[in-house]
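Trainee: mmCIF, C-alpha atoms, saved as entry.cif, coming up:
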```
data_entry
loop_
_atom_site.group_PDB
_atom_site.id
_atom_site.type_symbol
_atom_site.label_atom_id
_atom_site.label_comp_id
_atom_site.auth_asym_id
_atom_site.auth_seq_id
_atom_site.Cartn_x
_atom_site.Cartn_y
_atom_site.Cartn_z
ATOM 1 C CA MET K 78 -66.524 -5.177 54.516
ATOM 2 C CA LYS K 79 -65.697 -8.873 54.636
ATOM 3 C CA VAL K 80 -62.089 -9.641 53.644
ATOM 4 C CA ILE K 81 -61.163 -13.068 52.296
ATOM 5 C CA GLU K 82 -57.478 -13.858 51.958
ATOM 6 C CA THR K 83 -56.363 -16.142 49.161
ATOM 7 C CA LYS K 84 -52.837 -17.276 48.496
ATOM 8 C CA GLY K 85 -51.147 -19.208 45.722
ATOM 9 C CA SER K 86 -51.955 -19.594 42.077
ATOM 10 C CA GLY K 87 -55.208 -20.800 40.646
ATOM 11 C CA VAL K 88 -58.755 -19.831 41.474
ATOM 12 C CA ASP K 89 -60.412 -20.998 44.678
ATOM 13 C CA ARG K 90 -63.887 -21.836 43.387
ATOM 14 C CA ARG K 91 -65.531 -21.225 46.770
ATOM 15 C CA ILE K 92 -64.120 -17.677 46.939
ATOM 16 C CA LEU K 93 -64.982 -17.048 43.283
ATOM 17 C CA MET K 94 -68.600 -18.032 43.856
ATOM 18 C CA GLN K 95 -68.885 -15.712 46.895
ATOM 19 C CA ALA K 96 -67.627 -12.837 44.749
ATOM 20 C CA VAL K 97 -69.982 -13.686 41.867
ATOM 21 C CA GLU K 98 -72.942 -13.936 44.256
ATOM 22 C CA ALA K 99 -72.133 -10.456 45.595
ATOM 23 C CA LEU K 100 -71.966 -9.079 42.039
ATOM 24 C CA ARG K 101 -75.284 -10.730 41.113
ATOM 25 C CA ASN K 102 -76.824 -9.132 44.210
ATOM 26 C CA GLY K 103 -75.790 -5.709 42.891
ATOM 27 C CA ASP K 104 -73.013 -5.316 45.464
ATOM 28 C CA ILE K 105 -69.582 -3.702 45.096
ATOM 29 C CA ILE K 106 -66.455 -5.791 45.692
ATOM 30 C CA ILE K 107 -62.693 -5.277 45.709
ATOM 31 C CA TYR K 108 -60.780 -7.885 43.729
ATOM 32 C CA PRO K 109 -57.237 -8.439 42.420
ATOM 33 C CA THR K 110 -56.175 -7.817 38.838
ATOM 34 C CA ASP K 111 -52.757 -8.048 37.193
ATOM 35 C CA THR K 112 -52.093 -4.398 38.032
ATOM 36 C CA LEU K 113 -53.867 -2.874 41.055
ATOM 37 C CA TYR K 114 -56.821 -3.992 43.117
ATOM 38 C CA ALA K 115 -60.100 -2.813 41.669
ATOM 39 C CA LEU K 116 -63.597 -1.952 42.734
ATOM 40 C CA GLY K 117 -65.996 -4.063 40.735
ATOM 41 C CA CYS K 118 -69.694 -4.466 40.091
ATOM 42 C CA ASP K 119 -71.912 -6.127 37.514
ATOM 43 C CA ALA K 120 -71.427 -4.017 34.362
ATOM 44 C CA LEU K 121 -75.061 -4.617 33.387
ATOM 45 C CA ASN K 122 -76.548 -3.382 36.695
ATOM 46 C CA ASN K 123 -77.243 0.368 36.430
ATOM 47 C CA ARG K 124 -77.773 0.869 40.168
ATOM 48 C CA ALA K 125 -74.521 -0.882 41.053
ATOM 49 C CA ILE K 126 -72.648 1.164 38.433
ATOM 50 C CA GLU K 127 -74.018 4.414 39.859
ATOM 51 C CA ARG K 128 -72.946 3.349 43.382
ATOM 52 C CA LEU K 129 -69.435 2.383 42.230
ATOM 53 C CA CYS K 130 -69.089 5.742 40.444
ATOM 54 C CA HIS K 131 -70.263 7.514 43.611
ATOM 55 C CA ILE K 132 -67.667 5.682 45.749
ATOM 56 C CA LYS K 133 -64.887 6.669 43.328
ATOM 57 C CA GLY K 134 -66.217 10.203 42.764
ATOM 58 C CA LEU K 135 -66.660 9.544 39.046
ATOM 59 C CA ASN K 136 -69.235 11.224 36.850
ATOM 60 C CA PRO K 137 -70.481 8.397 34.606
ATOM 61 C CA ASP K 138 -71.403 10.991 31.961
ATOM 62 C CA LYS K 139 -67.885 12.445 31.762
ATOM 63 C CA ASN K 140 -65.400 9.787 32.884
ATOM 64 C CA TYR K 141 -64.272 6.741 30.943
ATOM 65 C CA LEU K 142 -65.891 3.564 32.202
ATOM 66 C CA SER K 143 -63.931 0.328 31.930
ATOM 67 C CA ALA K 144 -64.837 -3.302 32.378
ATOM 68 C CA VAL K 145 -62.998 -6.569 32.867
ATOM 69 C CA PHE K 146 -63.877 -9.279 30.357
ATOM 70 C CA SER K 147 -63.181 -13.007 30.419
ATOM 71 C CA ASP K 148 -61.944 -13.167 26.819
ATOM 72 C CA LEU K 149 -62.158 -11.568 23.366
ATOM 73 C CA SER K 150 -65.441 -13.266 22.492
ATOM 74 C CA GLN K 151 -67.067 -11.612 25.528
ATOM 75 C CA VAL K 152 -65.538 -8.260 24.470
ATOM 76 C CA ALA K 153 -67.121 -8.656 21.014
ATOM 77 C CA GLU K 154 -70.591 -8.689 22.635
ATOM 78 C CA TYR K 155 -70.115 -5.197 24.118
ATOM 79 C CA ALA K 156 -67.593 -3.394 21.901
ATOM 80 C CA ARG K 157 -67.071 -3.027 18.179
ATOM 81 C CA ILE K 158 -63.781 -4.584 17.096
ATOM 82 C CA ASP K 159 -62.445 -4.186 13.568
ATOM 83 C CA ASN K 160 -59.688 -6.397 12.122
ATOM 84 C CA ILE K 161 -56.826 -4.082 13.142
ATOM 85 C CA ALA K 162 -58.143 -3.712 16.691
ATOM 86 C CA PHE K 163 -58.595 -7.480 16.908
ATOM 87 C CA ARG K 164 -54.933 -8.069 16.007
ATOM 88 C CA ILE K 165 -53.818 -5.522 18.608
ATOM 89 C CA LEU K 166 -56.031 -7.023 21.324
ATOM 90 C CA LYS K 167 -54.914 -10.548 20.440
ATOM 91 C CA HIS K 168 -51.255 -9.476 20.703
ATOM 92 C CA TYR K 169 -51.462 -7.586 24.031
ATOM 93 C CA LEU K 170 -54.169 -9.408 25.986
ATOM 94 C CA PRO K 171 -54.345 -10.785 28.550
ATOM 95 C CA GLY K 172 -52.104 -8.152 30.065
ATOM 96 C CA PRO K 173 -51.784 -4.822 31.918
ATOM 97 C CA TYR K 174 -53.679 -2.792 29.303
ATOM 98 C CA THR K 175 -56.982 -0.967 29.003
ATOM 99 C CA PHE K 176 -58.082 -0.499 25.395
ATOM 100 C CA ILE K 177 -60.706 2.122 24.575
ATOM 101 C CA LEU K 178 -62.984 0.730 21.885
ATOM 102 C CA PRO K 179 -66.215 1.876 20.238
ATOM 103 C CA ALA K 180 -69.131 0.769 22.431
ATOM 104 C CA ALA K 181 -71.792 -1.603 21.144
ATOM 105 C CA THR K 182 -75.487 -0.927 21.724
ATOM 106 C CA SER K 183 -75.837 -3.923 24.093
ATOM 107 C CA LEU K 184 -74.538 -1.981 27.109
ATOM 108 C CA PRO K 185 -76.918 -0.792 29.881
ATOM 109 C CA LYS K 186 -78.464 2.675 29.988
ATOM 110 C CA VAL K 187 -75.603 4.232 31.984
ATOM 111 C CA PHE K 188 -73.531 3.669 28.829
ATOM 112 C CA LYS K 189 -76.184 5.045 26.453
ATOM 113 C CA GLY K 190 -74.912 7.974 24.469
ATOM 114 C CA ARG K 191 -71.343 6.823 25.093
ATOM 115 C CA LYS K 192 -69.229 6.182 22.103
ATOM 116 C CA SER K 193 -66.593 4.115 23.917
ATOM 117 C CA ILE K 194 -65.831 1.580 26.621
ATOM 118 C CA GLY K 195 -62.538 0.691 28.292
ATOM 119 C CA VAL K 196 -61.727 -2.991 27.812
ATOM 120 C CA ARG K 197 -59.539 -4.997 30.217
ATOM 121 C CA ILE K 198 -58.576 -8.664 30.005
ATOM 122 C CA PRO K 199 -56.085 -8.874 32.869
ATOM 123 C CA ASP K 200 -53.334 -11.441 33.130
ATOM 124 C CA CYS K 201 -55.024 -12.508 36.368
ATOM 125 C CA GLU K 202 -56.913 -15.769 36.386
ATOM 126 C CA PHE K 203 -59.262 -14.677 39.184
ATOM 127 C CA ALA K 204 -60.353 -11.466 37.418
ATOM 128 C CA ARG K 205 -61.071 -13.297 34.146
ATOM 129 C CA ALA K 206 -62.896 -16.106 35.992
ATOM 130 C CA LEU K 207 -65.063 -13.486 37.712
ATOM 131 C CA ALA K 208 -66.328 -12.143 34.360
ATOM 132 C CA GLU K 209 -66.696 -15.654 32.942
ATOM 133 C CA GLU K 210 -68.697 -17.013 35.886
ATOM 134 C CA LEU K 211 -70.831 -13.851 36.083
ATOM 135 C CA GLY K 212 -71.579 -14.280 32.373
ATOM 136 C CA ASN K 213 -70.904 -10.638 31.508
ATOM 137 C CA PRO K 214 -68.275 -7.946 32.118
ATOM 138 C CA VAL K 215 -67.365 -6.567 35.539
ATOM 139 C CA LEU K 216 -67.315 -2.763 35.654
ATOM 140 C CA THR K 217 -63.953 -1.922 37.166
ATOM 141 C CA SER K 218 -62.026 0.974 38.651
ATOM 142 C CA SER K 219 -58.568 0.669 40.204
ATOM 143 C CA VAL K 220 -58.301 1.480 43.893
ATOM 144 C CA ALA K 221 -55.046 0.488 45.589
ATOM 145 C CA ASP K 222 -52.057 -1.827 45.981
ATOM 146 C CA SER K 223 -53.965 -3.855 48.586
ATOM 147 C CA PRO K 224 -57.545 -3.953 49.913
ATOM 148 C CA ALA K 225 -56.303 -2.667 53.289
ATOM 149 C CA ASP K 226 -55.119 0.547 51.581
ATOM 150 C CA PHE K 227 -58.683 1.320 50.544
ATOM 151 C CA GLY K 228 -59.990 1.381 54.104
ATOM 152 C CA ASN K 229 -63.281 0.090 55.420
ATOM 153 C CA GLN K 230 -65.815 1.287 52.865
ATOM 154 C CA SER K 231 -69.340 0.554 54.059
ATOM 155 C CA GLU K 232 -70.569 0.245 50.476
ATOM 156 C CA VAL K 233 -68.062 -2.506 49.652
ATOM 157 C CA VAL K 234 -69.340 -5.874 50.872
ATOM 158 C CA LEU K 235 -66.404 -8.125 49.984
ATOM 159 C CA ALA K 236 -62.662 -7.800 49.377
ATOM 160 C CA ILE K 237 -60.552 -10.601 47.911
ATOM 161 C CA ASP K 238 -57.006 -10.167 49.240
ATOM 162 C CA SER K 239 -54.305 -12.041 47.330
ATOM 163 C CA GLY K 240 -51.369 -10.016 48.678
ATOM 164 C CA GLU K 241 -49.557 -6.899 47.470
ATOM 165 C CA CYS K 242 -49.804 -5.903 43.816
ATOM 166 C CA VAL K 243 -46.462 -5.698 42.044
ATOM 167 C CA LEU K 244 -47.487 -3.595 39.062
ATOM 168 C CA GLY K 245 -48.841 -0.068 38.831
ATOM 169 C CA PRO K 246 -51.884 1.021 36.812
ATOM 170 C CA SER K 247 -52.617 -0.350 33.356
ATOM 171 C CA THR K 248 -51.466 1.310 30.154
ATOM 172 C CA VAL K 249 -54.477 2.928 28.463
ATOM 173 C CA VAL K 250 -54.607 2.874 24.652
ATOM 174 C CA ASP K 251 -57.306 4.575 22.580
ATOM 175 C CA LEU K 252 -58.319 2.290 19.687
ATOM 176 C CA ILE K 253 -61.376 4.244 18.538
ATOM 177 C CA ASP K 254 -59.443 4.681 15.273
ATOM 178 C CA SER K 255 -57.506 1.416 15.313
ATOM 179 C CA ARG K 256 -55.267 2.571 12.435
ATOM 180 C CA SER K 257 -53.888 5.300 14.728
ATOM 181 C CA PRO K 258 -53.670 3.959 18.310
ATOM 182 C CA VAL K 259 -52.995 6.643 20.927
ATOM 183 C CA VAL K 260 -51.443 5.918 24.323
ATOM 184 C CA VAL K 261 -53.616 7.903 26.743
ATOM 185 C CA ARG K 262 -51.707 6.852 29.867
ATOM 186 C CA GLU K 263 -48.355 5.127 30.236
ATOM 187 C CA GLY K 264 -48.638 2.361 32.773
ATOM 188 C CA SER K 265 -47.380 -1.122 33.492
ATOM 189 C CA GLY K 266 -47.491 -2.344 29.893
ATOM 190 C CA SER K 267 -45.259 -1.220 27.042
ATOM 191 C CA PHE K 268 -47.251 -0.449 23.883
ATOM 192 C CA ASP K 269 -45.530 -0.313 20.509
ATOM 193 C CA PHE K 270 -47.657 -1.174 17.491
#
```
Reformat the file's structure so that it appears as structure tokens.
Mentor:
Amino acid sequence: MKVIETKGSGVDRRILMQAVEALRNGDIIIYPTDTLYALGCDALNNRAIERLCHIKGLNPDKNYLSAVFSDLSQVAEYARIDNIAFRILKHYLPGPYTFILPAATSLPKVFKGRKSIGVRIPDCEFARALAEELGNPVLTSSVADSPADFGNQSEVVLAIDSGECVLGPSTVVDLIDSRSPVVVREGSGSFDF
């Protein structure tokens, strides 16, 4: 696993493009978010998704799958958002939240038969830029406070190290019925709507 250290604010375009190239090649990367570091792959690449799920020990048929999006317009391509959900997303994002929304039919076959997708728009410029430059969501799964904590995974080709994470996991909110949001997991964000 190649580790690239980045410091300071802003997005180093050279590092971003290395990460995007790895994703386009179907590889798995570790990248920073506003909460924990995450494993990521192209959310439209079935083989990469299966490999990421294998690394994390997830059953894609039974576990929630979440993705990082660049913005709400990208979310609207892959999830169904009603007016109430839109207001909630607009209020809380970007931020340390994962919102479970009804899935759209434009997702790849690993999502077929799924009724939902976890949506993240982190308050992390690099994570959002990754999804924007890739042109579609990045399937994501939290791993650790730093890439070094995850160890040397042979299936991970690249880790972007921007230092220690200061927040814990995201707060997960089920918005399948947006009129009755349900906090599934308390995390770094406070949800009161």
Trainee: For a quick check of understanding, using all atoms listed in the file, which of K:Glu263, K:Asp119, K:Asp104, K:Glu210 has the smallest distance to Ile92 in chain K?
Mentor: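 Selected residue with least distance to Ile92 in chain K: K:Glu210.
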Trainee: Report the centre and edge lengths, in Å to one decimal, of an axis-aligned box enclosing every atom of range 165-173 of chain K listed in the file, padded by 8 Å on each side, as lines of an AutoDock Vina configuration file.
Mentor:
```
center_x = -53.6
center_y = -7.8
center_z = 25.3
size_x = 20.8
size_y = 22.0
size_z = 29.3
```
Trainee: Enumerate, as a list of chain:residue names, the residues matched when the PyMOL selection byres ((chain K and resi 256) around 12) is run on the file above.
Mentor: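 Those residues are K:Asp159, K:Asn160, K:Ile161, K:Ala162, K:Phe163, K:Arg164, K:Ile165, K:Asp251, K:Leu252, K:Ile253, K:Asp254, K:Ser255, K:Ser257, K:Pro258, K:Val259, K:Phe270.
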Trainee: Would you kindly identify which residues have an atom no farther than 12 Å from (-57.0, -5.2, 51.1), using only C-alpha atoms and the file's own coordinates, and write them out as number ranges by chain?
Mentor: K: 78-83, 106-109, 113-116, 220-230, 233, 235-242
Trainee: To one decimal place in Å, what is the distance between CA of Ser183 in chain K and CA of Thr112 in chain K?
Mentor: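 A separation of 27.5 Å between them.
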Trainee: I'd like the contact shell of Ala153 in chain K - 12 Å cut-off, all atoms listed in the file, skipping same-chain residues fewer than 6 positions apart - returned as a PyMOL selection string.
Mentor: chain K and resi 146-147+159-160+162-163+166+178-184+194+196+213-214
Trainee: For this file, the PyMOL selection byres ((chain K and resi 121) around 12) selects which residues, as a ChimeraX atom specification?
Mentor: /K:100-103,117-120,122-127,144,155,183-189,208,211-216
Trainee: Figure out the distance between CA of Gly245 in chain K and CA of Leu149 in chain K, please, to one decimal in Å.
Mentor: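 Calculated distance between CA of Leu149 in chain K and CA of Gly245 in chain K is 23.4 Å.
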